[in-house]
$ cat data.pdb   # PDB, C-alpha atoms and all ligand atoms
MODEL        1
ATOM      1  CA  MET A 272      40.481-215.276  90.692  1.00  0.00           C
ATOM      2  CA  THR A 273      37.636-213.642  92.618  1.00  0.00           C
ATOM      3  CA  THR A 274      34.623-212.570  90.567  1.00  0.00           C
ATOM      4  CA  VAL A 275      33.573-209.004  91.209  1.00  0.00           C
ATOM      5  CA  ALA A 276      30.691-206.747  90.251  1.00  0.00           C
ATOM      6  CA  ARG A 277      31.696-204.453  87.403  1.00  0.00           C
ATOM      7  CA  PRO A 278      31.302-200.760  88.415  1.00  0.00           C
ATOM      8  CA  ILE A 279      28.499-198.933  86.584  1.00  0.00           C
ATOM      9  CA  PRO A 280      29.698-196.493  83.896  1.00  0.00           C
ATOM     10  CA  ALA A 281      29.132-192.857  84.899  1.00  0.00           C
ATOM     11  CA  GLY A 282      25.599-191.615  84.367  1.00  0.00           C
ATOM     12  CA  LEU A 283      24.131-194.981  83.338  1.00  0.00           C
ATOM     13  CA  THR A 284      22.437-196.195  86.517  1.00  0.00           C
ATOM     14  CA  ALA A 285      18.798-197.173  85.883  1.00  0.00           C
ATOM     15  CA  ILE A 286      16.263-194.762  87.341  1.00  0.00           C
ATOM     16  CA  GLY A 287      15.534-195.662  90.958  1.00  0.00           C
ATOM     17  CA  ALA A 288      18.190-198.378  91.089  1.00  0.00           C
ATOM     18  CA  GLY A 289      20.727-196.280  93.000  1.00  0.00           C
ATOM     19  CA  SER A 290      18.530-196.292  96.123  1.00  0.00           C
ATOM     20  CA  ALA A 291      16.920-199.716  95.627  1.00  0.00           C
ATOM     21  CA  ALA A 292      17.485-202.631  97.981  1.00  0.00           C
ATOM     22  CA  PHE A 293      19.664-205.516  96.831  1.00  0.00           C
ATOM     23  CA  GLU A 294      17.815-208.753  96.089  1.00  0.00           C
ATOM     24  CA  ASP A 295      19.208-212.249  95.926  1.00  0.00           C
ATOM     25  CA  VAL A 296      18.985-213.370  92.288  1.00  0.00           C
ATOM     26  CA  VAL A 297      21.036-216.458  91.370  1.00  0.00           C
ATOM     27  CA  GLY A 298      24.144-218.304  92.386  1.00  0.00           C
ATOM     28  CA  LEU A 299      27.396-217.120  90.838  1.00  0.00           C
ATOM     29  CA  ASP A 300      27.881-220.646  89.545  1.00  0.00           C
ATOM     30  CA  GLU A 301      24.685-220.244  87.490  1.00  0.00           C
ATOM     31  CA  VAL A 302      26.299-217.495  85.396  1.00  0.00           C
ATOM     32  CA  PRO A 303      29.704-218.932  84.435  1.00  0.00           C
ATOM     33  CA  ALA A 304      32.399-216.710  82.945  1.00  0.00           C
ATOM     34  CA  GLY A 305      31.560-215.687  79.371  1.00  0.00           C
ATOM     35  CA  THR A 306      27.824-216.366  79.657  1.00  0.00           C
ATOM     36  CA  LEU A 307      24.605-214.365  79.582  1.00  0.00           C
ATOM     37  CA  ARG A 308      21.458-214.977  81.572  1.00  0.00           C
ATOM     38  CA  ARG A 309      18.036-213.354  81.720  1.00  0.00           C
ATOM     39  CA  VAL A 310      16.396-212.803  85.105  1.00  0.00           C
ATOM     40  CA  THR A 311      12.889-211.390  85.390  1.00  0.00           C
ATOM     41  CA  PHE A 312      11.345-209.187  88.069  1.00  0.00           C
ATOM     42  CA  GLY A 313       7.663-208.627  87.277  1.00  0.00           C
ATOM     43  CA  ASP A 314       7.714-207.015  83.830  1.00  0.00           C
ATOM     44  CA  LEU A 315      11.388-206.046  84.056  1.00  0.00           C
ATOM     45  CA  ASP A 316      13.813-208.340  82.242  1.00  0.00           C
ATOM     46  CA  VAL A 317      17.433-207.948  83.290  1.00  0.00           C
ATOM     47  CA  LEU A 318      20.504-209.324  81.564  1.00  0.00           C
ATOM     48  CA  LEU A 319      23.276-210.678  83.749  1.00  0.00           C
ATOM     49  CA  ALA A 320      26.570-210.906  81.890  1.00  0.00           C
ATOM     50  CA  HIS A 321      29.729-212.464  83.285  1.00  0.00           C
ATOM     51  CA  THR A 322      32.420-210.428  81.546  1.00  0.00           C
ATOM     52  CA  PRO A 323      36.178-210.591  82.167  1.00  0.00           C
ATOM     53  CA  ASP A 324      35.724-207.359  84.176  1.00  0.00           C
ATOM     54  CA  GLY A 325      33.012-208.801  86.386  1.00  0.00           C
ATOM     55  CA  ILE A 326      29.254-209.216  86.547  1.00  0.00           C
ATOM     56  CA  VAL A 327      27.098-206.630  84.783  1.00  0.00           C
ATOM     57  CA  ALA A 328      23.314-206.150  85.042  1.00  0.00           C
ATOM     58  CA  VAL A 329      21.469-204.142  82.361  1.00  0.00           C
ATOM     59  CA  ASP A 330      18.039-204.218  80.768  1.00  0.00           C
ATOM     60  CA  ASP A 331      17.745-207.338  78.618  1.00  0.00           C
ATOM     61  CA  ARG A 332      16.862-205.221  75.617  1.00  0.00           C
ATOM     62  CA  CYS A 333      18.932-204.290  72.596  1.00  0.00           C
ATOM     63  CA  PRO A 334      19.367-200.514  72.148  1.00  0.00           C
ATOM     64  CA  HIS A 335      18.402-200.970  68.481  1.00  0.00           C
ATOM     65  CA  MET A 336      15.008-202.720  68.408  1.00  0.00           C
ATOM     66  CA  SER A 337      14.728-204.261  71.876  1.00  0.00           C
ATOM     67  CA  ALA A 338      15.648-207.875  71.081  1.00  0.00           C
ATOM     68  CA  PRO A 339      16.680-209.914  74.140  1.00  0.00           C
ATOM     69  CA  LEU A 340      20.453-209.711  74.342  1.00  0.00           C
ATOM     70  CA  SER A 341      20.428-212.761  76.607  1.00  0.00           C
ATOM     71  CA  LEU A 342      20.046-214.782  73.373  1.00  0.00           C
ATOM     72  CA  GLY A 343      23.143-213.144  71.897  1.00  0.00           C
ATOM     73  CA  GLU A 344      26.832-213.943  72.099  1.00  0.00           C
ATOM     74  CA  LEU A 345      29.271-212.520  74.631  1.00  0.00           C
ATOM     75  CA  ASP A 346      32.858-211.938  73.543  1.00  0.00           C
ATOM     76  CA  GLY A 347      34.828-210.326  76.365  1.00  0.00           C
ATOM     77  CA  CYS A 348      32.749-207.291  77.322  1.00  0.00           C
ATOM     78  CA  VAL A 349      31.008-207.097  73.928  1.00  0.00           C
ATOM     79  CA  VAL A 350      27.574-208.615  73.414  1.00  0.00           C
ATOM     80  CA  GLN A 351      26.302-209.300  69.908  1.00  0.00           C
ATOM     81  CA  CYS A 352      22.560-209.014  69.417  1.00  0.00           C
ATOM     82  CA  PRO A 353      20.831-212.098  67.944  1.00  0.00           C
ATOM     83  CA  LEU A 354      18.672-210.026  65.564  1.00  0.00           C
ATOM     84  CA  HIS A 355      20.730-207.613  63.434  1.00  0.00           C
ATOM     85  CA  GLU A 356      24.316-208.118  64.574  1.00  0.00           C
ATOM     86  CA  GLY A 357      24.502-204.917  66.572  1.00  0.00           C
ATOM     87  CA  ARG A 358      27.374-205.079  69.056  1.00  0.00           C
ATOM     88  CA  PHE A 359      27.541-203.278  72.366  1.00  0.00           C
ATOM     89  CA  ASP A 360      30.220-202.950  75.042  1.00  0.00           C
ATOM     90  CA  LEU A 361      28.629-203.882  78.359  1.00  0.00           C
ATOM     91  CA  CYS A 362      31.646-202.676  80.349  1.00  0.00           C
ATOM     92  CA  SER A 363      31.483-199.121  78.988  1.00  0.00           C
ATOM     93  CA  GLY A 364      27.860-198.874  77.808  1.00  0.00           C
ATOM     94  CA  ASP A 365      29.037-197.827  74.348  1.00  0.00           C
ATOM     95  CA  VAL A 366      27.927-198.963  70.907  1.00  0.00           C
ATOM     96  CA  VAL A 367      30.576-200.964  69.050  1.00  0.00           C
ATOM     97  CA  GLN A 368      28.526-201.407  65.886  1.00  0.00           C
ATOM     98  CA  MET A 369      24.955-200.442  65.094  1.00  0.00           C
ATOM     99  CA  PRO A 370      23.143-202.364  62.373  1.00  0.00           C
ATOM    100  CA  THR A 371      22.547-200.609  59.072  1.00  0.00           C
ATOM    101  CA  THR A 372      18.820-200.293  59.688  1.00  0.00           C
ATOM    102  CA  GLY A 373      18.789-197.602  62.310  1.00  0.00           C
ATOM    103  CA  GLY A 374      20.258-195.694  65.202  1.00  0.00           C
ATOM    104  CA  LEU A 375      23.390-193.654  65.450  1.00  0.00           C
ATOM    105  CA  ASP A 376      26.857-194.975  64.877  1.00  0.00           C
ATOM    106  CA  ALA A 377      29.279-195.226  67.777  1.00  0.00           C
ATOM    107  CA  ASP A 378      30.643-191.774  66.925  1.00  0.00           C
ATOM    108  CA  GLY A 379      27.169-190.274  67.282  1.00  0.00           C
ATOM    109  CA  ARG A 380      26.538-189.738  63.557  1.00  0.00           C
ATOM    110  CA  SER A 381      23.601-191.065  61.614  1.00  0.00           C
ATOM    111  CA  HIS A 382      24.688-193.373  58.788  1.00  0.00           C
ATOM    112  CA  PRO A 383      23.298-193.229  55.233  1.00  0.00           C
ATOM    113  CA  VAL A 384      20.132-194.975  54.150  1.00  0.00           C
ATOM    114  CA  TRP A 385      20.793-198.685  53.660  1.00  0.00           C
ATOM    115  CA  THR A 386      21.101-199.753  50.020  1.00  0.00           C
ATOM    116  CA  PRO A 387      21.285-203.342  48.751  1.00  0.00           C
ATOM    117  CA  GLY A 388      24.709-204.328  47.410  1.00  0.00           C
ATOM    118  CA  GLY A 389      25.321-203.420  43.772  1.00  0.00           C
ATOM    119  CA  LYS A 390      22.602-200.734  43.695  1.00  0.00           C
ATOM    120  CA  GLU A 391      22.930-196.978  43.469  1.00  0.00           C
ATOM    121  CA  PRO A 392      22.878-195.399  46.951  1.00  0.00           C
ATOM    122  CA  LYS A 393      19.358-194.449  47.964  1.00  0.00           C
ATOM    123  CA  ALA A 394      18.625-190.748  48.306  1.00  0.00           C
ATOM    124  CA  ASP A 395      17.708-189.583  51.778  1.00  0.00           C
ATOM    125  CA  VAL A 396      14.494-187.874  50.726  1.00  0.00           C
ATOM    126  CA  PRO A 397      13.609-184.973  53.047  1.00  0.00           C
ATOM    127  CA  GLY A 398      10.500-185.608  55.092  1.00  0.00           C
ATOM    128  CA  LYS A 399       9.378-187.317  58.261  1.00  0.00           C
ATOM    129  CA  LYS A 400      11.484-190.445  57.699  1.00  0.00           C
ATOM    130  CA  ALA A 401      14.650-188.420  57.188  1.00  0.00           C
ATOM    131  CA  GLU A 402      13.797-186.314  60.225  1.00  0.00           C
ATOM    132  CA  ALA A 403      13.114-189.419  62.302  1.00  0.00           C
ATOM    133  CA  ARG A 404      16.496-190.854  61.298  1.00  0.00           C
ATOM    134  CA  ARG A 405      18.196-187.595  62.222  1.00  0.00           C
ATOM    135  CA  LEU A 406      16.512-187.480  65.619  1.00  0.00           C
ATOM    136  CA  THR A 407      16.939-191.153  66.460  1.00  0.00           C
ATOM    137  CA  ARG A 408      19.233-191.610  69.400  1.00  0.00           C
ATOM    138  CA  VAL A 409      20.741-194.798  70.638  1.00  0.00           C
ATOM    139  CA  ARG A 410      19.169-195.573  73.966  1.00  0.00           C
ATOM    140  CA  ARG A 411      22.237-196.300  76.001  1.00  0.00           C
ATOM    141  CA  PHE A 412      22.179-199.131  78.466  1.00  0.00           C
ATOM    142  CA  ARG A 413      20.851-198.588  81.949  1.00  0.00           C
ATOM    143  CA  TYR A 414      22.609-200.515  84.678  1.00  0.00           C
ATOM    144  CA  TYR A 415      21.496-202.064  87.943  1.00  0.00           C
ATOM    145  CA  PRO A 416      23.920-202.187  90.880  1.00  0.00           C
ATOM    146  CA  VAL A 417      25.301-205.675  91.489  1.00  0.00           C
ATOM    147  CA  ARG A 418      27.066-207.196  94.453  1.00  0.00           C
ATOM    148  CA  ILE A 419      28.274-210.688  95.225  1.00  0.00           C
ATOM    149  CA  ARG A 420      27.698-212.154  98.665  1.00  0.00           C
ATOM    150  CA  ASP A 421      28.529-215.696  99.725  1.00  0.00           C
ATOM    151  CA  GLY A 422      28.594-216.961  96.145  1.00  0.00           C
ATOM    152  CA  ARG A 423      25.252-215.350  95.268  1.00  0.00           C
ATOM    153  CA  ILE A 424      24.606-212.517  92.799  1.00  0.00           C
ATOM    154  CA  GLU A 425      22.475-209.736  94.246  1.00  0.00           C
ATOM    155  CA  VAL A 426      20.973-206.951  92.135  1.00  0.00           C
ATOM    156  CA  ALA A 427      19.348-203.677  93.225  1.00  0.00           C
ATOM    157  CA  ILE A 428      15.973-203.580  91.479  1.00  0.00           C
ATOM    158  CA  PRO A 429      13.754-200.512  91.763  1.00  0.00           C
ATOM    159  CA  ARG A 430      10.219-201.382  92.890  1.00  0.00           C
ATOM    160  CA  ALA A 431       7.194-199.131  92.503  1.00  0.00           C
TER     161      ALA A 431
HETATM  162  S1  LIG A 501      17.503-205.517  67.717  1.00  0.00           S
HETATM  163 FE1  LIG A 501      19.562-205.727  68.247  1.00  0.00          FE
HETATM  164  S2  LIG A 501      20.680-205.160  66.517  1.00  0.00           S
HETATM  165 FE2  LIG A 501      18.591-204.914  65.969  1.00  0.00          FE
ENDMDL
END
$ encode --input "data.pdb" --output "structure tokens" --more "lines below"
Ligand code: FES
Amino acid sequence: MTTVARPIPAGLTAIGAGSAAFEDVVGLDEVPAGTLRRVTFGDLDVLLAHTPDGIVAVDDRCPHMSAPLSLGELDGCVVQCPLHEGRFDLCSGDVVQMPTTGGLDADGRSHPVWTPGGKEPKADVPGKKAEARRLTRVRRFRYYPVRIRDGRIEVAIPRA
């Protein structure tokens, strides 16, 4: 089966990447099916993921608290973050599961304050923390265009 570049979900192309030049990054054989790999361009860390739907390139940064997803686990299109077990669908850009400590759930709602097991639920006391929780938005993935040429993965990286 021929490996392809997974199309970017609508509206999720990284700023400047749509008009950036493609750069040779790594050999396709260096990112086998089902694996993750970090590649770095200056101070930009990009995650290459070899999903069943093709190669994906996104920021190597968890939408929750910025952990490197390249250290996580890839199951189909879903990457699990190594820090708090957040799970994200790299093929659609959607959240599968946010951790209990922050961010919006996949349906866009904010979940209740986390409470240790066996304890009474914590009250969501009005104030700056409650407001911050209400205003917190999941930073959806931003994608970089990918193409495969002669067994090499090329990525369009915006340069200043
Ligand atoms: S940093 Fe990824 S789930 Fe928290």
$ residues_around --input "data.pdb" --residues "range 296-308 of chain A" --least-positions-apart "4" --cutoff "7 Å" --atoms "only C-alpha atoms" --output "list in words"
Leu318, Leu319, Ala320, His321, Thr322, Ser341, Leu345, Gly347, Gly422, Arg423, Ile424, Glu425 and Val426 of chain A
$ residues_around --input "data.pdb" --residues "Val275 in chain A" --least-positions-apart "4" --cutoff "7 Å" --atoms "all atoms listed in the file" --output "mmCIF file with C-alpha atoms, in the coordinates of the input"
data_model
loop_
_atom_site.group_PDB
_atom_site.id
_atom_site.type_symbol
_atom_site.label_atom_id
_atom_site.label_comp_id
_atom_site.auth_asym_id
_atom_site.auth_seq_id
_atom_site.Cartn_x
_atom_site.Cartn_y
_atom_site.Cartn_z
ATOM 1 C CA GLY A 325 33.012 -208.801 86.386
ATOM 2 C CA ILE A 326 29.254 -209.216 86.547
ATOM 3 C CA ILE A 419 28.274 -210.688 95.225
#
$ closest_residue --input "data.pdb" --among "A:Ala288, A:Val329, A:Met369, A:Leu283" --to "ligand LIG 501 (chain A)" --atoms "all atoms listed in the file"
A:Met369
$ closest_residue --input "data.pdb" --among "A:Ala291, A:Ala281, A:Val417, A:Ala338" --to "Pro429 in chain A" --atoms "all atoms listed in the file"
A:Ala291
$ atom_distance --input "data.pdb" --atom1 "CA of Gln351 in chain A" --atom2 "CA of Asp314 in chain A"
23.3 Å
$ resolve_selection --input "data.pdb" --expression "the PyMOL selection byres (((not hetatm)) within 7 of (chain A and resi 501))" --output "ChimeraX atom specification"
/A:333-338,352-357,369-370
$ closest_residue --input "data.pdb" --among "A:Arg411, A:Glu402, A:Asp330, A:Gly289" --to "Val367 in chain A" --atoms "only C-alpha atoms"
A:Arg411
$ closest_residue --input "data.pdb" --among "A:Ala401, A:Phe293, A:Pro278, A:Leu342" --to "Arg420 in chain A" --atoms "all atoms listed in the file"
A:Phe293
$ resolve_selection --input "data.pdb" --expression "the PyMOL selection byres (((chain A and resi 362) around 8) and not hetatm)" --output "ChimeraX atom specification"
/A:277,279-280,322,324,327,348-349,360-361,363-364
